[in-house]
Structures are given as structure tokens and as C-alpha cells.
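Take a look at the structure below.
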Amino acid sequence: GAVVSQHPSWVICKSGTSVKIECRSLDFQATTMFWYRQFPKQSLMLMATSNEGSKATYEQGVEKDKFLINHASLTLSTLTVTSAHPEDSSFYICSASQQGYEQYFGPGTRLTVT
Amino acid sequence: LAKTTQPISMDSYEGQEVNITCSHNNIATNDYITWYQQFPSQGPRFIIQGYKTKVTNEVASLFIPADRKSSTLSLPRVSLSDTAVYYCLVGDDSSASKIIFGSGTRLSIRP
């Protein structure tokens with residue numbers, strides 16, 4: 001079956017630094033990838049949609065200059081949290097899909113900003 | 001995107017059948033109904049998807065009435081490991097459109 005991986009699975013960084021999270025589709029080419037954020041006891045919140053080779057589309061209220069998304073290939077998308085602050089601490093989940101197929105979710109990345 | 005409404009939480013016991021109902025009054029003609037399961041600190045996992053009537057797989061059944069304004073996820077003989085959050089989602093599956101998650105149903109299974 002389709003597998004999506006994320007790296008790292010957890011990361012701790014200091015306030016003011018940047019951290020990059022990778023999302024890979026391991027056995028299929030993903031034309032579209034999505035990034036979500038989830039706070040404890042809450043539902044997933046869609047942050048942005050990225051299509052390979054084009055700029056990401058951000059949801060309302062998500063700062064595109066703070067959450068940089070790059071979808072450089074059909075198997076890799078990256079989310080960079082720039083100048084991270086404690087309020088950015090969250091669980092970040094990506095999903096990937098082929099055109100016309102269901103979304104497959106990654107295992108998530110736990111970000112803690114100290 | 002059709003909005004969905006589910007119970008916030010449900011409790012049941014091992015061995016019981018659990019039915020979680022989702023309302024989606026504004027479902028569009030091209031929309032499919034999909035259910036995901038999420039364990040703590042993990043990404044959502046696809047359970048089942050349907051368009052109308054009944055769909056069954058090795059994990060669950062999905063019942064969809066003729067008007068498609070609601071759907072029911074049925075988990076037969078649950079176990080402790082079925083304790084999770086279950087999300088009902090409605091959307092056009094034909095073009096990998098974005099998924100907007102609702103609040104989900106937190107299912108707790110007791111011994």
C-alpha cells in the first residue's frame with residue numbers, strides 16, 4: 001500500500017531557530033501534498049496545499065513567510081518553520097495523494113520549541 | 001466543502017458493536033464519504049469510503065441511506081485497541097481535493 005514518511009518524528013529546537021520537516025511518498029508519486037497542524041486534544045487543521053513545481057496555497061490565517069513549503073519533486077515536500085516560537089509547538093502531519101486517489105497520511109512530527 | 005457533524009465522544013465495551021453516525025446535510029452529488037481513525041501522536045489512518053448504500057471491508061462497515069445526508073460507521077466487536085478518534089469526512093475524491101477535518105468522535109473502549 002501507499003506509504004508516506006516524515007522526518008524527523010520529533011524535534012526540539014530553541015526559540016528563534018528554524019526547523020525543517022520532510023514528507024516523502026515512498027512508493028508512489030504525489031502530485032499534491034498537504035500539511036496539517038494538530039494541537040493536543042484538537043482536530044487536524046489544514047495549513048497548506050502544495051503541488052509539485054508550484055507555489056503552495058495557504059489556508060487563511062497561516063503565515064506563508066513563517067511556514068515555508070517546498071514541493072520540489074513528486075516524492076518530497078518540506079515544511080520549514082522559521083523563527084520558531086513556543087506557540088509553534090505542535091504535531092505536524094503531512095499527507096500525499098496521486099491525482100484521483102485518496103490521501104495517505106504520514107506518521108506526524110512532534111515539534112517542541114523551548 | 002460539506003460540513004459534518006459527529007458526536008464528540010462515545011463509550012463502549014469490548015466485544016460490542018459500535019455505530020458512529022455522521023450528519024452531512026449539504027453533501028454534493030460528487031462527494032464521497034470517508035472515515036479515518038487516529039491514535040494519539042499518529043497520523044490518521046484510512047478506514048473506509050463509500051458513496052451510497054453499504055460498503056464493508058475487513059475492518060468496518062459503512063451504511064449510507066438513500067438521501068446520503070448521513071452515514072454510519074459500524075465497528076463490529078470492538079477491542080481496547082479501537083480506542084481512538086474517528087473522523088467523518090465528505091469531499092470530492094476525484095481530484096485529491098483538500099480535506100477539512102471536523103471535530104471527530106473520541107471513542108473509548110472499556111474492558
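In the C-alpha cells, chains take the letters A, B, ... in the order shown, each chain's residues start at 1, and ligands count up from 1 in the order shown.
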### Task
Extract, using only C-alpha atoms, all DNA, RNA and protein residues at most 8 Å from region 34-51 of chain B, discarding same-chain residues fewer than 4 positions from it, and format them as a PyMOL selection string.
(chain A and resi 91+93+104-108+110) or (chain B and resi 55-57+59-62+64+73+83-90)
Written file, previous selection with N, CA, C and O atoms, as a CSV table (one decimal), in the first residue's frame:
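Written file, result.csv:
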chain,number,residue,atom,x,y,z
A,91,PHE,N,1.9,19.2,16.7
A,91,PHE,CA,2.1,18.0,15.9
A,91,PHE,C,1.8,18.3,14.5
A,91,PHE,O,0.7,18.8,14.1
A,93,ILE,N,1.5,17.1,10.6
A,93,ILE,CA,1.2,15.9,9.8
A,93,ILE,C,1.1,16.3,8.3
A,93,ILE,O,0.5,17.3,8.0
A,104,TYR,N,-3.0,9.8,1.6
A,104,TYR,CA,-2.3,9.0,2.6
A,104,TYR,C,-1.5,9.8,3.5
A,104,TYR,O,-0.8,10.7,3.1
A,105,PHE,N,-1.7,9.6,4.8
A,105,PHE,CA,-1.1,10.4,5.8
A,105,PHE,C,0.2,9.9,6.4
A,105,PHE,O,0.4,8.7,6.5
A,106,GLY,N,1.1,10.8,6.7
A,106,GLY,CA,2.4,10.5,7.3
A,106,GLY,C,2.1,10.3,8.8
A,106,GLY,O,1.1,10.5,9.3
A,107,PRO,N,3.2,9.8,9.5
A,107,PRO,CA,3.1,9.5,10.9
A,107,PRO,C,3.1,10.7,11.8
A,107,PRO,O,2.8,10.6,13.0
A,108,GLY,N,3.4,11.9,11.3
A,108,GLY,CA,3.5,13.1,12.1
A,108,GLY,C,4.9,13.4,12.6
A,108,GLY,O,5.7,12.5,12.8
A,110,ARG,N,6.5,15.7,15.9
A,110,ARG,CA,6.2,16.4,17.1
A,110,ARG,C,7.3,17.5,17.2
A,110,ARG,O,8.5,17.2,17.3
B,55,VAL,N,-21.0,-0.3,2.3
B,55,VAL,CA,-19.7,-0.8,2.0
B,55,VAL,C,-19.1,-1.5,3.2
B,55,VAL,O,-19.3,-1.1,4.3
B,56,THR,N,-18.4,-2.6,2.9
B,56,THR,CA,-17.8,-3.4,4.0
B,56,THR,C,-16.4,-3.8,3.6
B,56,THR,O,-16.2,-4.2,2.5
B,57,ASN,N,-15.5,-3.7,4.6
B,57,ASN,CA,-14.2,-4.2,4.4
B,57,ASN,C,-13.8,-5.0,5.7
B,57,ASN,O,-14.7,-5.3,6.5
B,59,VAL,N,-12.3,-4.3,8.2
B,59,VAL,CA,-12.3,-3.5,9.5
B,59,VAL,C,-13.6,-3.0,9.9
B,59,VAL,O,-14.0,-3.0,11.1
B,60,ALA,N,-14.4,-2.5,9.0
B,60,ALA,CA,-15.7,-1.9,9.3
B,60,ALA,C,-16.7,-2.0,8.2
B,60,ALA,O,-16.4,-2.4,7.1
B,61,SER,N,-17.9,-1.5,8.5
B,61,SER,CA,-19.0,-1.3,7.5
B,61,SER,C,-19.4,0.1,7.5
B,61,SER,O,-19.4,0.8,8.6
B,62,LEU,N,-19.8,0.6,6.4
B,62,LEU,CA,-20.3,2.0,6.2
B,62,LEU,C,-21.7,1.9,5.6
B,62,LEU,O,-21.9,1.3,4.5
B,64,ILE,N,-24.9,4.0,4.3
B,64,ILE,CA,-25.3,5.3,3.7
B,64,ILE,C,-26.7,5.2,3.2
B,64,ILE,O,-27.0,4.5,2.3
B,73,LEU,N,-20.8,4.6,10.6
B,73,LEU,CA,-19.6,3.7,10.6
B,73,LEU,C,-19.9,2.7,11.7
B,73,LEU,O,-20.2,3.0,12.8
B,83,THR,N,-9.8,2.1,20.7
B,83,THR,CA,-9.9,3.4,21.3
B,83,THR,C,-9.1,4.4,20.5
B,83,THR,O,-7.9,4.2,20.3
B,84,ALA,N,-9.8,5.4,20.0
B,84,ALA,CA,-9.2,6.3,19.0
B,84,ALA,C,-10.2,7.4,18.7
B,84,ALA,O,-11.3,7.4,19.2
B,85,VAL,N,-9.7,8.4,17.9
B,85,VAL,CA,-10.6,9.4,17.4
B,85,VAL,C,-11.0,9.0,16.0
B,85,VAL,O,-10.1,8.7,15.2
B,86,TYR,N,-12.3,9.1,15.7
B,86,TYR,CA,-12.8,8.7,14.3
B,86,TYR,C,-13.3,10.0,13.6
B,86,TYR,O,-14.2,10.7,14.2
B,87,TYR,N,-12.9,10.2,12.4
B,87,TYR,CA,-13.3,11.4,11.7
B,87,TYR,C,-14.1,11.0,10.5
B,87,TYR,O,-13.7,10.1,9.7
B,88,CYS,N,-15.2,11.7,10.3
B,88,CYS,CA,-16.0,11.5,9.1
B,88,CYS,C,-15.7,12.7,8.2
B,88,CYS,O,-15.8,13.8,8.6
B,89,LEU,N,-15.4,12.4,7.0
B,89,LEU,CA,-15.1,13.5,6.0
B,89,LEU,C,-15.9,13.3,4.7
B,89,LEU,O,-16.2,12.2,4.3
B,90,VAL,N,-16.2,14.4,4.2
B,90,VAL,CA,-17.0,14.4,2.9
B,90,VAL,C,-16.3,15.3,1.9
B,90,VAL,O,-15.9,16.4,2.2
Those in chain A with strand (DSSP E) from DSSP, as JSON, numbers by chain: {"A": [4, 5, 6, 7, 10, 11, 12, 13, 19, 20, 21, 22, 23, 24, 25, 32, 33, 34, 35, 36, 37, 38, 45, 46, 47, 48, 49, 50, 51, 57, 58, 67, 68, 69, 70, 71, 72, 73, 76, 77, 78, 79, 80, 81, 90, 91, 92, 93, 94, 95, 96, 97, 104, 105, 109, 110, 111, 112, 113]}
Can you build me a table of chain A residues sitting at most 10 Å from chain B, with the closest atom pair per residue and its distance in Å to one decimal, using only C-alpha atoms, sorted by chain and residue number, as JSON lines?
{"residue": "A:Val4", "atom": "CA", "partner": "B:Gly43", "partner_atom": "CA", "distance": 10.0}
{"residue": "A:Ser9", "atom": "CA", "partner": "B:Ser41", "partner_atom": "CA", "distance": 9.9}
{"residue": "A:Thr31", "atom": "CA", "partner": "B:Ala96", "partner_atom": "CA", "distance": 9.0}
{"residue": "A:Thr32", "atom": "CA", "partner": "B:Ala96", "partner_atom": "CA", "distance": 7.4}
{"residue": "A:Met33", "atom": "CA", "partner": "B:Lys98", "partner_atom": "CA", "distance": 9.3}
{"residue": "A:Phe34", "atom": "CA", "partner": "B:Lys98", "partner_atom": "CA", "distance": 7.5}
{"residue": "A:Tyr36", "atom": "CA", "partner": "B:Ile100", "partner_atom": "CA", "distance": 9.8}
{"residue": "A:Gln38", "atom": "CA", "partner": "B:Ser41", "partner_atom": "CA", "distance": 9.5}
{"residue": "A:Pro40", "atom": "CA", "partner": "B:Pro40", "partner_atom": "CA", "distance": 9.1}
{"residue": "A:Lys41", "atom": "CA", "partner": "B:Pro40", "partner_atom": "CA", "distance": 9.0}
{"residue": "A:Gln42", "atom": "CA", "partner": "B:Ser103", "partner_atom": "CA", "distance": 7.2}
{"residue": "A:Ser43", "atom": "CA", "partner": "B:Ser103", "partner_atom": "CA", "distance": 5.4}
{"residue": "A:Leu44", "atom": "CA", "partner": "B:Phe101", "partner_atom": "CA", "distance": 6.0}
{"residue": "A:Met45", "atom": "CA", "partner": "B:Phe101", "partner_atom": "CA", "distance": 6.9}
{"residue": "A:Leu46", "atom": "CA", "partner": "B:Ile100", "partner_atom": "CA", "distance": 6.6}
{"residue": "A:Ala48", "atom": "CA", "partner": "B:Lys98", "partner_atom": "CA", "distance": 9.0}
{"residue": "A:Thr49", "atom": "CA", "partner": "B:Lys98", "partner_atom": "CA", "distance": 7.3}
{"residue": "A:Phe91", "atom": "CA", "partner": "B:Ser41", "partner_atom": "CA", "distance": 7.5}
{"residue": "A:Tyr92", "atom": "CA", "partner": "B:Gly43", "partner_atom": "CA", "distance": 9.0}
{"residue": "A:Ile93", "atom": "CA", "partner": "B:Gly43", "partner_atom": "CA", "distance": 6.4}
{"residue": "A:Cys94", "atom": "CA", "partner": "B:Gly43", "partner_atom": "CA", "distance": 8.2}
{"residue": "A:Ser95", "atom": "CA", "partner": "B:Gly43", "partner_atom": "CA", "distance": 8.7}
{"residue": "A:Ala96", "atom": "CA", "partner": "B:Ala96", "partner_atom": "CA", "distance": 8.9}
{"residue": "A:Ser97", "atom": "CA", "partner": "B:Ala96", "partner_atom": "CA", "distance": 6.3}
{"residue": "A:Gln98", "atom": "CA", "partner": "B:Ala96", "partner_atom": "CA", "distance": 7.1}
{"residue": "A:Gln99", "atom": "CA", "partner": "B:Ser95", "partner_atom": "CA", "distance": 5.6}
{"residue": "A:Gly100", "atom": "CA", "partner": "B:Ser94", "partner_atom": "CA", "distance": 4.5}
{"residue": "A:Tyr101", "atom": "CA", "partner": "B:Ala96", "partner_atom": "CA", "distance": 6.1}
{"residue": "A:Glu102", "atom": "CA", "partner": "B:Ala96", "partner_atom": "CA", "distance": 6.3}
{"residue": "A:Gln103", "atom": "CA", "partner": "B:Ala96", "partner_atom": "CA", "distance": 6.9}
{"residue": "A:Tyr104", "atom": "CA", "partner": "B:Phe46", "partner_atom": "CA", "distance": 7.7}
{"residue": "A:Phe105", "atom": "CA", "partner": "B:Gly43", "partner_atom": "CA", "distance": 5.7}
{"residue": "A:Gly106", "atom": "CA", "partner": "B:Gly43", "partner_atom": "CA", "distance": 5.6}
{"residue": "A:Pro107", "atom": "CA", "partner": "B:Gly43", "partner_atom": "CA", "distance": 4.5}
{"residue": "A:Gly108", "atom": "CA", "partner": "B:Gly43", "partner_atom": "CA", "distance": 5.5}
{"residue": "A:Thr109", "atom": "CA", "partner": "B:Ser41", "partner_atom": "CA", "distance": 8.4}
{"residue": "A:Arg110", "atom": "CA", "partner": "B:Ser41", "partner_atom": "CA", "distance": 7.9}
Grab the residues selected above and save them as a compact mmCIF listing (two decimals), in the first residue's frame with N, CA and C atoms.
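Once everything was written out, this is part_35.txt:
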# COMPACT_ATOMS: atom_id res chain seq x y z
N VAL A 4 3.61 6.99 3.35
CA VAL A 4 4.16 8.34 3.47
C VAL A 4 4.98 8.40 4.74
N SER A 9 10.70 12.40 13.36
CA SER A 9 9.46 12.06 14.04
C SER A 9 9.22 13.00 15.21
N THR A 31 1.31 14.03 -6.62
CA THR A 31 1.12 15.30 -7.31
C THR A 31 0.73 16.41 -6.33
N THR A 32 0.11 16.03 -5.25
CA THR A 32 -0.33 17.01 -4.26
C THR A 32 0.04 16.53 -2.86
N MET A 33 0.53 17.45 -2.06
CA MET A 33 0.80 17.15 -0.66
C MET A 33 0.15 18.22 0.21
N PHE A 34 -0.28 17.80 1.36
CA PHE A 34 -0.97 18.70 2.28
C PHE A 34 -0.23 18.71 3.62
N TYR A 36 -0.73 19.66 7.73
CA TYR A 36 -1.68 19.92 8.79
C TYR A 36 -0.92 20.19 10.10
N GLN A 38 -1.74 19.99 14.40
CA GLN A 38 -2.70 19.49 15.37
C GLN A 38 -2.21 19.79 16.78
N PRO A 40 -2.88 19.54 21.00
CA PRO A 40 -3.41 18.46 21.86
C PRO A 40 -4.93 18.53 22.00
N LYS A 41 -5.55 17.39 21.88
CA LYS A 41 -6.99 17.21 22.06
C LYS A 41 -7.81 17.96 21.00
N GLN A 42 -7.17 18.41 19.95
CA GLN A 42 -7.88 19.10 18.89
C GLN A 42 -7.79 18.33 17.57
N SER A 43 -8.60 18.76 16.63
CA SER A 43 -8.60 18.13 15.32
C SER A 43 -7.45 18.64 14.47
N LEU A 44 -7.25 18.01 13.35
CA LEU A 44 -6.23 18.46 12.42
C LEU A 44 -6.70 19.74 11.73
N MET A 45 -5.77 20.67 11.59
CA MET A 45 -6.06 21.91 10.90
C MET A 45 -5.20 22.00 9.65
N LEU A 46 -5.84 22.13 8.51
CA LEU A 46 -5.11 22.22 7.26
C LEU A 46 -4.35 23.54 7.21
N ALA A 48 -1.74 24.13 4.50
CA ALA A 48 -1.45 24.49 3.13
C ALA A 48 -1.51 23.28 2.22
N THR A 49 -1.69 23.58 0.95
CA THR A 49 -1.70 22.57 -0.11
C THR A 49 -0.56 22.88 -1.05
N PHE A 91 1.93 19.23 16.67
CA PHE A 91 2.12 17.99 15.92
C PHE A 91 1.83 18.31 14.46
N TYR A 92 2.81 18.12 13.61
CA TYR A 92 2.66 18.46 12.20
C TYR A 92 2.55 17.17 11.39
N ILE A 93 1.51 17.13 10.56
CA ILE A 93 1.22 15.93 9.79
C ILE A 93 1.12 16.30 8.32
N CYS A 94 1.71 15.48 7.47
CA CYS A 94 1.57 15.70 6.04
C CYS A 94 0.74 14.57 5.44
N SER A 95 0.18 14.83 4.29
CA SER A 95 -0.49 13.78 3.53
C SER A 95 -0.13 13.96 2.07
N ALA A 96 -0.23 12.88 1.33
CA ALA A 96 0.13 12.92 -0.07
C ALA A 96 -0.89 12.16 -0.89
N SER A 97 -1.08 12.59 -2.12
CA SER A 97 -2.05 11.90 -2.97
C SER A 97 -1.59 11.93 -4.41
N GLN A 98 -2.01 10.90 -5.14
CA GLN A 98 -1.88 10.93 -6.58
C GLN A 98 -3.16 11.53 -7.13
N GLN A 99 -3.08 11.99 -8.33
CA GLN A 99 -4.28 12.56 -8.94
C GLN A 99 -5.37 11.50 -9.01
N GLY A 100 -6.49 11.79 -8.41
CA GLY A 100 -7.62 10.90 -8.48
C GLY A 100 -7.63 9.80 -7.43
N TYR A 101 -6.70 9.81 -6.49
CA TYR A 101 -6.67 8.78 -5.46
C TYR A 101 -6.77 9.42 -4.07
N GLU A 102 -7.03 8.57 -3.09
CA GLU A 102 -7.20 9.06 -1.73
C GLU A 102 -5.90 9.60 -1.17
N GLN A 103 -6.02 10.34 -0.09
CA GLN A 103 -4.86 10.87 0.59
C GLN A 103 -4.29 9.84 1.55
N TYR A 104 -2.98 9.84 1.64
CA TYR A 104 -2.28 8.96 2.57
C TYR A 104 -1.50 9.85 3.54
N PHE A 105 -1.67 9.57 4.82
CA PHE A 105 -1.10 10.43 5.83
C PHE A 105 0.23 9.90 6.36
N GLY A 106 1.10 10.84 6.68
CA GLY A 106 2.35 10.48 7.32
C GLY A 106 2.14 10.25 8.80
N PRO A 107 3.18 9.79 9.50
CA PRO A 107 3.06 9.48 10.93
C PRO A 107 3.11 10.71 11.82
N GLY A 108 3.45 11.85 11.26
CA GLY A 108 3.48 13.07 12.06
C GLY A 108 4.85 13.39 12.62
N THR A 109 5.06 14.66 12.92
CA THR A 109 6.30 15.15 13.54
C THR A 109 5.93 16.02 14.73
N ARG A 110 6.47 15.67 15.87
CA ARG A 110 6.22 16.45 17.09
C ARG A 110 7.29 17.51 17.22
Between A:Ala30, A:Val113, A:Met47, A:Ala56, which has the minimum distance to Ser73 (chain A) (counting only C-alpha atoms)?
->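 Ranking A:Ala30, A:Val113, A:Met47, A:Ala56 by distance to Ser73 (chain A), first place goes to A:Ala30.
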Margin query: Ranking A:Lys20, A:His71, A:Lys66, A:His7 by minimum distance to Glu52 (chain A) and counting only C-alpha atoms, which one comes first?
Written below: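 Comparing A:Lys20, A:His71, A:Lys66, A:His7 against Glu52 (chain A), the winner is A:His71.
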